[in-house]
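Chemist: Below you will find the structure I want to go over with you.
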Amino acid sequence: MRGVVFLGHRKLELREFPDPTPGPGEVVLAIRASGMCGSDLHPYRAAGDAAAALGLGGTGGPVIAGHEPCGVVAALGPGVAQAQAEVGARVMCHHYKGCGRCTHCRAGWSQLCPHGRIVYGVTGHGGHAPFMKVPASTLVPLPDELSFEEGAAVSCGTGTAYGALKRLDVSGRDTLAVFGQGPVGLSATLLGSAMGARVLAVDVGPERLALARALGADAVVNAKETDPVAAIRELTRGEGAEATLDCSGQSDGRVGALRCAATWGRVGFVGEGGTTAFDVSQDMLRRQLTIHASWTFSTLGQEECARFVARKRLPLARLLTHRFGLAQAEEAYRLFDTQTTGKGVFVF
């Protein structure tokens, strides 16, 4: 089979790999959809030593990219019980593997395992290929109401937004300001609106702001044209937003999320990478802010997010603006790198 391998310097290749065979406790998934996530752009753009280190993960060789896999169970390894997996089952994958024994792993948070972890699509083979081998313990059921493409979105970007909004305890009492309207931020806009919040969406691109409107934003702010903190203060009669969430991973977005929060507000950070400087006294302490750092979700959180989208009949499919075949991988990532689109997904 062929799989996508990131080379850094905005380059990738389709390389040949043997079809996977499941070992004890493992299954093979036939991938039906594999999402493109903003964090994929880090290895895609990597330069210098970071680029040279790509592909040297737990596999001992090049790693197949893609950490948002969704498909059907195609084969079971020895020892996989019927209660864990059945051939033909529609599933998502919680794309981490830990020791399986520590407190975090047993609670479904294997990405927090202190004994080392595999991140599928980063240090272990991921979903940008026709087949993928994973432990049966990583499987999360895909509701019948959701497409494989929607399941791929839930498997990281949308699930990450849901986990953060849960941490922020967002509800109908809140105005929610979301900085960054990439796939995670757009998901937060959609989900926050469904949770009852008044959503203010911030970005620098008109294309993504238009999509945010379509997904439920009550107001949009173009941070290239106006000061987003002042705009959000004006939209909230000077009080600020009760909940704010930075999905941009940019210093300006993080500081903006802090400074536009209301006194006693709750602030979430999910955007990866970089550093940020702010005045702890003025920006946090003297305004009684609560700061949440939220990294993805547990296996149960992933399942809960999928059920929430299905039960609410949310138009998550609108987030998926571009679909590609695997042979179009170079074109797909060149477009995704412009950061003007919704979510891209490879379909099989």
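Each chain in the structure tokens gets a letter, A, B and so on, in the order shown; residues start at 1 in every chain, and ligands are counted from 1 in the order they appear.
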Return as a VMD selection string the full set of residues in stretch 139-247 of chain A whose backbone-based DSSP assignment is alpha helix (DSSP H).

Modeler: chain A and resid 148 to 154 157 to 168 183 to 194 206 to 214 228 to 235

Chemist: Could you write out the selected residues, including C-alpha atoms, as a short mmCIF file (atom, residue, chain, number, x, y, z; two decimals), in the first residue's frame?

Modeler:
data_model
loop_
_atom_site.label_atom_id
_atom_site.label_comp_id
_atom_site.auth_asym_id
_atom_site.auth_seq_id
_atom_site.Cartn_x
_atom_site.Cartn_y
_atom_site.Cartn_z
CA PHE A 148 -16.73 8.54 8.07
CA GLU A 149 -15.60 12.06 7.14
CA GLU A 150 -17.37 13.52 10.18
CA GLY A 151 -15.84 10.75 12.30
CA ALA A 152 -12.39 11.76 11.08
CA ALA A 153 -13.08 15.36 12.16
CA VAL A 154 -14.18 14.23 15.62
CA GLY A 157 -9.94 18.73 15.62
CA THR A 158 -13.63 18.71 16.52
CA GLY A 159 -13.02 16.49 19.54
CA THR A 160 -10.33 18.88 20.76
CA ALA A 161 -12.75 21.81 20.55
CA TYR A 162 -15.42 19.81 22.40
CA GLY A 163 -13.00 18.85 25.17
CA ALA A 164 -11.97 22.47 25.67
CA LEU A 165 -15.55 23.75 25.76
CA LYS A 166 -16.38 21.10 28.37
CA ARG A 167 -13.41 22.27 30.45
CA LEU A 168 -14.71 25.84 30.13
CA PRO A 183 -10.84 23.48 11.72
CA VAL A 184 -10.57 23.46 15.54
CA GLY A 185 -11.85 27.01 15.94
CA LEU A 186 -14.68 26.46 13.47
CA SER A 187 -15.63 23.34 15.42
CA ALA A 188 -15.65 25.39 18.63
CA THR A 189 -17.92 27.93 16.94
CA LEU A 190 -20.34 25.20 15.84
CA LEU A 191 -20.29 23.34 19.16
CA GLY A 192 -20.38 26.46 21.34
CA SER A 193 -23.45 27.70 19.51
CA ALA A 194 -25.09 24.27 19.99
CA PRO A 206 -12.48 36.49 5.20
CA GLU A 207 -13.00 32.96 3.89
CA ARG A 208 -12.86 31.39 7.33
CA LEU A 209 -14.92 34.17 8.90
CA ALA A 210 -17.64 33.55 6.32
CA LEU A 211 -17.57 29.86 7.20
CA ALA A 212 -17.78 30.74 10.90
CA ARG A 213 -20.96 32.69 10.17
CA ALA A 214 -22.40 29.68 8.38
CA PRO A 228 -10.23 42.18 18.40
CA VAL A 229 -10.09 42.92 22.12
CA ALA A 230 -11.72 46.33 21.63
CA ALA A 231 -14.27 44.83 19.24
CA ILE A 232 -15.26 42.11 21.71
CA ARG A 233 -15.49 44.63 24.54
CA GLU A 234 -17.80 46.73 22.37
CA LEU A 235 -19.93 43.68 21.51
#

Chemist: Each residue of stretch 248-280 of chain A lying at most 12 Å from stretch 296-320 of chain A should get a row with its shortest atom-to-atom pair and the distance in Å to one decimal, counting only C-alpha atoms; could you produce that, ordered by chain and increasing number, as a Markdown table?

Modeler:
| residue | atom | partner | partner_atom | distance |
| --- | --- | --- | --- | --- |
| A:Phe269 | CA | A:Thr296 | CA | 11.0 |
| A:Val270 | CA | A:Thr296 | CA | 8.0 |
| A:Gly271 | CA | A:Thr296 | CA | 10.5 |
| A:Glu272 | CA | A:Thr296 | CA | 10.8 |

Chemist: Using the selection just defined, write its residues with N, CA and C atoms as an mmCIF file, in the first residue's frame.

Modeler:
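Result file part.cif:
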data_model
loop_
_atom_site.group_PDB
_atom_site.id
_atom_site.type_symbol
_atom_site.label_atom_id
_atom_site.label_comp_id
_atom_site.auth_asym_id
_atom_site.auth_seq_id
_atom_site.Cartn_x
_atom_site.Cartn_y
_atom_site.Cartn_z
ATOM 1 N N PHE A 269 -6.784 27.488 26.288
ATOM 2 C CA PHE A 269 -5.748 27.445 25.252
ATOM 3 C C PHE A 269 -5.706 26.040 24.667
ATOM 4 N N VAL A 270 -5.888 25.913 23.362
ATOM 5 C CA VAL A 270 -5.702 24.622 22.688
ATOM 6 C C VAL A 270 -4.710 24.713 21.536
ATOM 7 N N GLY A 271 -4.442 25.919 21.016
ATOM 8 C CA GLY A 271 -3.513 26.064 19.904
ATOM 9 C C GLY A 271 -2.114 25.645 20.303
ATOM 10 N N GLU A 272 -1.465 24.825 19.491
ATOM 11 C CA GLU A 272 -0.153 24.257 19.810
ATOM 12 C C GLU A 272 0.985 25.177 19.376
#

Chemist: So, counting only C-alpha atoms, which residue among A:Gly172, A:Gly274, A:Gly216, A:Pro135 is closest to A:Ala75?

Modeler: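 Between A:Gly172, A:Gly274, A:Gly216, A:Pro135, the residue approaching A:Ala75 most closely is A:Pro135.
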
Chemist: Per DSSP on the backbone, what are the strand (DSSP E) residues of stretch 17-207 of chain A, as a ChimeraX atom specification?

Modeler: /A:26-35,69-76,90-93,96-97,118-119,131-135,139-141,175-179,198-203

Chemist: Output N, CA and C atoms of each residue in that selection to a file, as a CSV table (one decimal), in the first residue's frame.

Modeler:
chain,number,residue,atom,x,y,z
A,26,GLU,N,-4.3,-6.4,18.6
A,26,GLU,CA,-4.4,-5.4,17.6
A,26,GLU,C,-5.5,-5.6,16.6
A,27,VAL,N,-5.8,-4.6,15.9
A,27,VAL,CA,-6.7,-4.7,14.8
A,27,VAL,C,-6.2,-4.0,13.6
A,28,VAL,N,-6.6,-4.3,12.4
A,28,VAL,CA,-6.3,-3.5,11.2
A,28,VAL,C,-7.6,-2.8,10.8
A,29,LEU,N,-7.5,-1.5,10.6
A,29,LEU,CA,-8.6,-0.7,10.1
A,29,LEU,C,-8.5,-0.5,8.6
A,30,ALA,N,-9.6,-0.6,7.8
A,30,ALA,CA,-9.6,-0.2,6.5
A,30,ALA,C,-10.1,1.3,6.5
A,31,ILE,N,-9.2,2.2,6.2
A,31,ILE,CA,-9.5,3.6,6.4
A,31,ILE,C,-10.5,4.0,5.3
A,32,ARG,N,-11.5,4.8,5.8
A,32,ARG,CA,-12.5,5.3,4.9
A,32,ARG,C,-12.3,6.8,4.7
A,33,ALA,N,-11.8,7.5,5.8
A,33,ALA,CA,-11.6,8.9,5.8
A,33,ALA,C,-10.4,9.2,6.7
A,34,SER,N,-9.5,10.1,6.3
A,34,SER,CA,-8.4,10.5,7.2
A,34,SER,C,-8.3,12.0,7.1
A,35,GLY,N,-8.5,12.7,8.2
A,35,GLY,CA,-8.6,14.2,8.2
A,35,GLY,C,-7.2,14.8,8.2
A,69,PRO,N,-7.9,9.2,11.9
A,69,PRO,CA,-8.4,8.1,11.0
A,69,PRO,C,-9.8,7.7,11.4
A,70,CYS,N,-10.5,7.2,10.4
A,70,CYS,CA,-11.8,6.7,10.6
A,70,CYS,C,-12.1,5.6,9.6
A,71,GLY,N,-12.7,4.5,9.9
A,71,GLY,CA,-13.0,3.5,9.0
A,71,GLY,C,-13.7,2.3,9.5
A,72,VAL,N,-13.4,1.1,9.0
A,72,VAL,CA,-14.1,-0.1,9.5
A,72,VAL,C,-13.0,-1.1,9.9
A,73,VAL,N,-13.3,-1.9,10.9
A,73,VAL,CA,-12.4,-3.0,11.3
A,73,VAL,C,-12.3,-4.0,10.2
A,74,ALA,N,-11.1,-4.3,9.7
A,74,ALA,CA,-10.9,-5.2,8.6
A,74,ALA,C,-10.3,-6.6,9.1
A,75,ALA,N,-9.6,-6.6,10.2
A,75,ALA,CA,-9.0,-7.8,10.6
A,75,ALA,C,-8.7,-7.7,12.1
A,76,LEU,N,-8.8,-8.9,12.8
A,76,LEU,CA,-8.5,-8.9,14.3
A,76,LEU,C,-7.3,-9.8,14.5
A,90,ARG,N,-18.0,0.1,12.3
A,90,ARG,CA,-17.6,1.5,12.0
A,90,ARG,C,-17.0,2.1,13.2
A,91,VAL,N,-15.7,2.6,13.1
A,91,VAL,CA,-15.0,3.1,14.3
A,91,VAL,C,-14.2,4.3,13.9
A,92,MET,N,-14.0,5.1,15.0
A,92,MET,CA,-12.9,6.1,15.0
A,92,MET,C,-11.7,5.5,15.8
A,93,CYS,N,-10.6,6.2,15.8
A,93,CYS,CA,-9.5,5.8,16.6
A,93,CYS,C,-9.0,6.9,17.5
A,96,TYR,N,-3.6,7.5,20.2
A,96,TYR,CA,-2.5,7.4,21.1
A,96,TYR,C,-2.4,6.0,21.7
A,97,LYS,N,-1.2,5.6,22.1
A,97,LYS,CA,-1.0,4.3,22.8
A,97,LYS,C,0.0,4.6,23.9
A,118,ILE,N,3.0,6.4,22.0
A,118,ILE,CA,3.0,6.5,20.6
A,118,ILE,C,1.9,7.4,20.1
A,119,VAL,N,2.1,8.3,19.2
A,119,VAL,CA,1.1,9.1,18.7
A,119,VAL,C,1.0,8.7,17.2
A,131,PHE,N,-4.8,1.3,4.9
A,131,PHE,CA,-4.9,0.4,6.1
A,131,PHE,C,-4.0,1.0,7.2
A,132,MET,N,-4.5,0.7,8.5
A,132,MET,CA,-3.7,1.1,9.6
A,132,MET,C,-3.9,0.1,10.7
A,133,LYS,N,-2.8,-0.2,11.4
A,133,LYS,CA,-2.8,-1.2,12.5
A,133,LYS,C,-2.8,-0.4,13.9
A,134,VAL,N,-3.7,-0.7,14.8
A,134,VAL,CA,-3.8,-0.1,16.1
A,134,VAL,C,-4.2,-1.1,17.1
A,135,PRO,N,-3.9,-0.8,18.4
A,135,PRO,CA,-4.5,-1.6,19.5
A,135,PRO,C,-6.0,-1.5,19.5
A,139,LEU,N,-10.0,1.9,19.8
A,139,LEU,CA,-11.2,2.0,19.0
A,139,LEU,C,-12.3,2.7,19.7
A,140,VAL,N,-13.0,3.6,19.0
A,140,VAL,CA,-14.1,4.4,19.6
A,140,VAL,C,-15.3,4.2,18.6
A,141,PRO,N,-16.5,3.8,19.0
A,141,PRO,CA,-17.6,3.6,18.0
A,141,PRO,C,-18.0,4.9,17.3
A,175,THR,N,-21.2,34.4,26.7
A,175,THR,CA,-20.7,34.9,25.4
A,175,THR,C,-19.3,34.2,25.3
A,176,LEU,N,-19.1,33.5,24.2
A,176,LEU,CA,-17.8,32.8,23.9
A,176,LEU,C,-17.1,33.4,22.8
A,177,ALA,N,-15.9,33.8,23.0
A,177,ALA,CA,-15.0,34.4,22.0
A,177,ALA,C,-14.0,33.3,21.6
A,178,VAL,N,-14.0,33.0,20.3
A,178,VAL,CA,-13.1,32.0,19.7
A,178,VAL,C,-12.1,32.6,18.8
A,179,PHE,N,-10.8,32.6,19.2
A,179,PHE,CA,-9.7,33.1,18.4
A,179,PHE,C,-9.1,32.1,17.5
A,198,ARG,N,-23.5,32.6,23.0
A,198,ARG,CA,-23.4,33.6,22.0
A,198,ARG,C,-22.0,33.5,21.5
A,199,VAL,N,-21.7,33.3,20.3
A,199,VAL,CA,-20.3,33.0,19.8
A,199,VAL,C,-19.8,34.2,19.0
A,200,LEU,N,-18.6,34.7,19.4
A,200,LEU,CA,-17.9,35.7,18.6
A,200,LEU,C,-16.7,35.1,18.0
A,201,ALA,N,-16.6,35.1,16.7
A,201,ALA,CA,-15.5,34.4,16.0
A,201,ALA,C,-14.4,35.4,15.5
A,202,VAL,N,-13.2,35.1,15.8
A,202,VAL,CA,-12.1,36.0,15.4
A,202,VAL,C,-11.1,35.3,14.5
A,203,ASP,N,-10.8,35.9,13.4
A,203,ASP,CA,-9.7,35.4,12.5
A,203,ASP,C,-9.2,36.5,11.6

Chemist: I need the residue nearest A:Asp246 from this list: A:Ala47, A:His115, A:His292, A:Val204. Use only C-alpha atoms for the distance.

Modeler: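 Of all the options, A:His292 lies closest to A:Asp246.
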